[in-house]
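**Q** Below you'll find the structure I mean.
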Amino acid sequence: MDATTAGTAPATTTGPARETATGTTDEEAGRAPALVPLHRNWRFQALWAGQASATLGLQVADTAYPLLLLALTGSSTLAGAFGALQICAGVLFGLHGGSVADRHDRRRVLITADSVRLLAAGSVPLAMALDRLTVVHTLLVAVAIGATIAYSGPVRLLAVRSVVPPEQLRQALAQDEARMSGAGLIGPPLAGYLFGAGRAVPFLGTVVATLLSLSAALAVRFPSPPKAAEQQPRSRGGALAGFRHLAADLVLRPALAVIFVTNLAGAAMLLPVIVQLRGHGASSGGIGLALAGEAAGALAGAFLVGRLHRLAGPGALLLAVAWTCVPVTLAPLLPGGAATVFAALFLVGLGTPTLRVMIDLLVFRRVSDELRGRVVAATMTLLTIGMPAGMLGSGLLLDHLSPTAALTTVAGLLAACLLPATAGRTLRRATWPADS
């Protein structure tokens, strides 16, 4: 990214300086402190383990709760309502979550959010044991999960960067991407297996995962905003300051717009792909494996982040991944069925970790700490809000068009939206920050 757009945030130190044989520290001796290898940075690894548990628990929940609602009611609408309510709650509370992360002790926010989610998760198997579980109860849990993600999500992103020196940030973020991709790959089939073992089993699993996440938050201390910021009744700029910061940046505006339309198109293609594969005789298991292609690709792509970042600038990489989604949207129309869909999604998944790390390096690193939580929340909101819109739009398309026509329409609209950003010079000329 061009240096003229904004400066980078000052580097933070992580942990005490190393002591030399003479009893002085490296800083006192005039030397830079030696970097601790990332695998020996216990605070990062503990936070990573806690986040991995939380992510896996959420992935299991995202599959198990719709299965439970379907078993209880037989209604696909109510089964889909769980995910819709969870996303809506996350968007609704997202801005306040970012503001809280900038004004209060972040570790306490994380502990509180995980504690609330633990209580919500634990209430389901308890109600099942008492034969008191209702649909309303289950949907309220969806709201609780979405709300707690809105508060814990920004803090988790900030916690990782606060315990890792800038020189190791890209490596740490790549490891974090492997955690997310691995959970996305393992979670849904694990949820199905646990549900088959017993209706309450997957929900007990989410309780254990959330408890491990909470334990990591209790064990690890990480920096928070200055005390002065905590004492202010209202942070400078308010909850919308994150959006204003993103809107003022000439490079971030088109970059986030490209990611927004790509996410929207990805959500819009899901239902037509399922209908198309089912119409060609694919089994439910085959469809599930086909849709796991993106998670498998993302897991492999986590190990390619550094190489891809050295290969091209951030804008060029973003446009390359976004344009790859256009033919991927049409892949279900080709011969091969589920195998073709898996391969196409695997291909686009390879670039997903690169884009996520890119967002951290170009957006979050360049923001002052007292504003960073709101910028994180604004970014997460912009990237998430397109998903329910895409799901709704695909349903409307399928009411009037065949799956083939719907997928062709989505691909055409995505290409049309990408043309202005591709024709412009802003993204194509963007470069990485000097310290990334």
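Identifiers in the structure tokens: chain A, B, ... in order shown; residue index from 1 per chain; ligand index from 1 in order shown.
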As a VMD selection string, please: the residues near A:Gly349 (cut-off 9 Å, only C-alpha atoms, same-chain neighbours under 6 positions excluded).

**A** chain A and resid 293 to 301 321

**Q** Got time to write the residues from that selection, C-alpha atoms, as a PDB file, in the first residue's frame?

**A**
ATOM      1  CA  GLY A 293     -13.506 -27.866  -0.715  1.00  0.00           C
ATOM      2  CA  GLU A 294     -13.136 -24.224   0.279  1.00  0.00           C
ATOM      3  CA  ALA A 295     -12.145 -25.106   3.854  1.00  0.00           C
ATOM      4  CA  ALA A 296      -9.640 -27.662   2.565  1.00  0.00           C
ATOM      5  CA  GLY A 297      -8.196 -25.087   0.194  1.00  0.00           C
ATOM      6  CA  ALA A 298      -7.970 -22.494   2.953  1.00  0.00           C
ATOM      7  CA  LEU A 299      -6.115 -24.952   5.184  1.00  0.00           C
ATOM      8  CA  ALA A 300      -3.554 -25.504   2.426  1.00  0.00           C
ATOM      9  CA  GLY A 301      -3.483 -21.788   1.615  1.00  0.00           C
ATOM     10  CA  VAL A 321      -8.750 -14.047  -5.905  1.00  0.00           C
TER      11      VAL A 321
END

**Q** I'd like the neighbourhood of A:Trp48 as JSON, numbers by chain, where a residue qualifies if any of its atoms comes within 8 Å (using only C-alpha atoms), though same-chain residues fewer than 2 positions away should be ignored.

**A** {"A": [44, 45, 46, 50, 51, 52, 160, 176, 179]}

**Q** Using only C-alpha atoms, tabulate the residues of stretch 290-316 of chain A lying at most 10 Å from any atom of stretch 250-271 of chain A, each with its closest atom pair and that distance in Å to one decimal, by chain and increasing residue number, as a Markdown table.

**A**
| residue | atom | partner | partner_atom | distance |
| --- | --- | --- | --- | --- |
| A:Leu291 | CA | A:Leu270 | CA | 8.4 |
| A:Pro314 | CA | A:Ala255 | CA | 9.1 |
| A:Gly315 | CA | A:Ala255 | CA | 7.2 |

**Q** Restricting the calculation to only C-alpha atoms: of A:Ala150, A:Leu289, A:Leu350, A:Val116, which residue gets closest to A:Ala101?

**A**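 For A:Ala101, the nearest of the candidates is A:Ala150.
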
**Q** Could you pull the residues within 8 Å of A:Thr340, counting only C-alpha atoms, minus those fewer than 6 positions along the same chain, as a list in words?

**A**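 After dropping sequence-adjacent residues, the list is Ala331, Pro332 and Leu334 of chain A.
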
**Q** What would the file look like if the residues just selected were written as a PDB file, in the first residue's frame with N, CA and C atoms?

**A**
ATOM      1  N   ALA A 331     -18.723 -23.391 -11.902  1.00  0.00           N
ATOM      2  CA  ALA A 331     -18.181 -24.749 -11.880  1.00  0.00           C
ATOM      3  C   ALA A 331     -19.249 -25.833 -11.755  1.00  0.00           C
ATOM      4  N   PRO A 332     -20.337 -25.615 -10.970  1.00  0.00           N
ATOM      5  CA  PRO A 332     -21.348 -26.677 -10.877  1.00  0.00           C
ATOM      6  C   PRO A 332     -22.019 -26.993 -12.210  1.00  0.00           C
ATOM      7  N   LEU A 334     -20.416 -27.571 -14.947  1.00  0.00           N
ATOM      8  CA  LEU A 334     -19.505 -28.414 -15.717  1.00  0.00           C
ATOM      9  C   LEU A 334     -19.704 -29.887 -15.356  1.00  0.00           C
TER      10      LEU A 334
END

**Q** List the spatial neighbours of stretch 153-155 of chain A as an NGL selection string - criterion: any atom at most 8 Å away, only C-alpha atoms, same-chain residues fewer than 4 positions off excluded.

**A** :A and (97-98 or 101 or 106-107 or 109-110 or 149 or 159 or 373 or 376-377)

**Q** Now that the selection is made, can you save its residues with C-alpha atoms as an mmCIF file, in the first residue's frame?

**A**
data_model
loop_
_atom_site.group_PDB
_atom_site.id
_atom_site.type_symbol
_atom_site.label_atom_id
_atom_site.label_comp_id
_atom_site.auth_asym_id
_atom_site.auth_seq_id
_atom_site.Cartn_x
_atom_site.Cartn_y
_atom_site.Cartn_z
ATOM 1 C CA GLY A 97 -18.502 -4.507 20.570
ATOM 2 C CA GLY A 98 -15.771 -2.551 18.805
ATOM 3 C CA ALA A 101 -12.915 -3.084 22.974
ATOM 4 C CA ARG A 106 -10.069 -6.241 26.639
ATOM 5 C CA ARG A 107 -9.256 -9.322 28.675
ATOM 6 C CA VAL A 109 -14.455 -8.263 27.778
ATOM 7 C CA LEU A 110 -13.222 -11.590 26.405
ATOM 8 C CA ILE A 149 -19.066 -13.104 18.964
ATOM 9 C CA ALA A 159 -5.062 -10.026 21.487
ATOM 10 C CA GLY A 373 -11.336 -2.057 18.096
ATOM 11 C CA VAL A 376 -11.986 -4.139 13.485
ATOM 12 C CA ALA A 377 -15.720 -4.161 14.281
#

**Q** A:Thr379, A:Ser224, A:Thr210, A:Ser215: which is nearest A:Thr55, counting only C-alpha atoms?

**A**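 Ranked by minimum distance to A:Thr55, first place goes to A:Thr210.
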
**Q** Restricting the calculation to only C-alpha atoms, which member of A:Leu204, A:Ala320, A:Ile111, A:Gly286 is positioned closest to A:Ala421?

**A**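 Of A:Leu204, A:Ala320, A:Ile111, A:Gly286, the one nearest A:Ala421 is A:Ala320, counting only C-alpha atoms.
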
**Q** Excluding stretch 139-143 of chain A and any residue of its chain fewer than 3 positions from it, enumerate the residues within 6 Å of it, using only C-alpha atoms, and give them as a ChimeraX atom specification.

**A** /A:82,85-86,89,120,136,146

**Q** Selection from above, all heavy atoms, as a compact mmCIF listing (two decimals), in the first residue's frame, can you write it?

**A**
# COMPACT_ATOMS: atom_id res chain seq x y z
N PHE A 82 -31.83 -20.24 12.75
CA PHE A 82 -30.76 -20.20 13.74
C PHE A 82 -29.57 -19.39 13.21
O PHE A 82 -29.09 -18.46 13.87
CB PHE A 82 -30.31 -21.61 14.11
CG PHE A 82 -29.29 -21.64 15.22
CD1 PHE A 82 -29.70 -21.73 16.53
CD2 PHE A 82 -27.93 -21.54 14.95
CE1 PHE A 82 -28.77 -21.74 17.57
CE2 PHE A 82 -27.00 -21.55 15.96
CZ PHE A 82 -27.41 -21.65 17.28
N LEU A 85 -30.48 -15.59 12.69
CA LEU A 85 -30.52 -14.83 13.94
C LEU A 85 -29.12 -14.60 14.51
O LEU A 85 -28.81 -13.53 15.04
CB LEU A 85 -31.39 -15.55 14.97
CG LEU A 85 -32.90 -15.47 14.76
CD1 LEU A 85 -33.62 -16.36 15.76
CD2 LEU A 85 -33.38 -14.03 14.91
N GLN A 86 -28.27 -15.61 14.39
CA GLN A 86 -26.91 -15.48 14.89
C GLN A 86 -26.16 -14.38 14.15
O GLN A 86 -25.50 -13.53 14.77
CB GLN A 86 -26.17 -16.81 14.74
CG GLN A 86 -24.74 -16.80 15.28
CD GLN A 86 -24.09 -18.16 15.18
OE1 GLN A 86 -24.71 -19.18 15.45
NE2 GLN A 86 -22.84 -18.20 14.78
N ALA A 89 -27.64 -10.89 15.01
CA ALA A 89 -27.21 -10.43 16.34
C ALA A 89 -25.77 -9.94 16.30
O ALA A 89 -25.42 -8.94 16.93
CB ALA A 89 -27.37 -11.56 17.36
N ALA A 120 -24.93 -19.97 27.91
CA ALA A 120 -25.93 -20.24 26.86
C ALA A 120 -25.77 -21.65 26.31
O ALA A 120 -26.76 -22.37 26.12
CB ALA A 120 -25.78 -19.21 25.74
N VAL A 136 -38.09 -21.66 21.09
CA VAL A 136 -37.75 -20.28 21.49
C VAL A 136 -36.43 -20.26 22.24
O VAL A 136 -35.57 -19.38 22.01
CB VAL A 136 -38.88 -19.69 22.35
CG1 VAL A 136 -38.47 -18.33 22.92
CG2 VAL A 136 -40.16 -19.53 21.51
N GLY A 146 -24.42 -15.04 18.69
CA GLY A 146 -24.07 -13.94 17.79
C GLY A 146 -23.62 -12.70 18.54
O GLY A 146 -22.66 -12.04 18.14

**Q** Using only C-alpha atoms, pick whichever of A:Arg156, A:Arg372, A:Arg310, A:Arg425 has the shortest atom-to-atom distance to A:Phe243.

**A**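 Looking at the shortest contact to A:Phe243, the residue is A:Arg372.
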
**Q** Atom CA of A:Leu38 to atom CA of A:Arg161: how many Å, to one decimal?

**A**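 Computing the Euclidean distance for atom CA of A:Leu38 and atom CA of A:Arg161 yields 12.3 Å.
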
**Q** Name the residues of stretch 188-282 of chain A that come out as alpha helix (DSSP H) in a backbone DSSP run; write them as a PyMOL selection string.

**A** chain A and resi 188-197+201-219+227-231+241-248+252-279

**Q** Just the number, please: distance in Å from atom CA of A:Leu70 to atom CA of A:Gly94, one decimal.

**A**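 Atom-to-atom, atom CA of A:Leu70 and atom CA of A:Gly94 are spaced 28.5 Å apart.
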
**Q** Looking at A:Leu398, A:Ala344, A:Val326, A:Val367, which one is nearest to A:Ala411, with distances taken over only C-alpha atoms?

**A**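 Looking only at the distances to A:Ala411, the closest residue turns out to be A:Val326.
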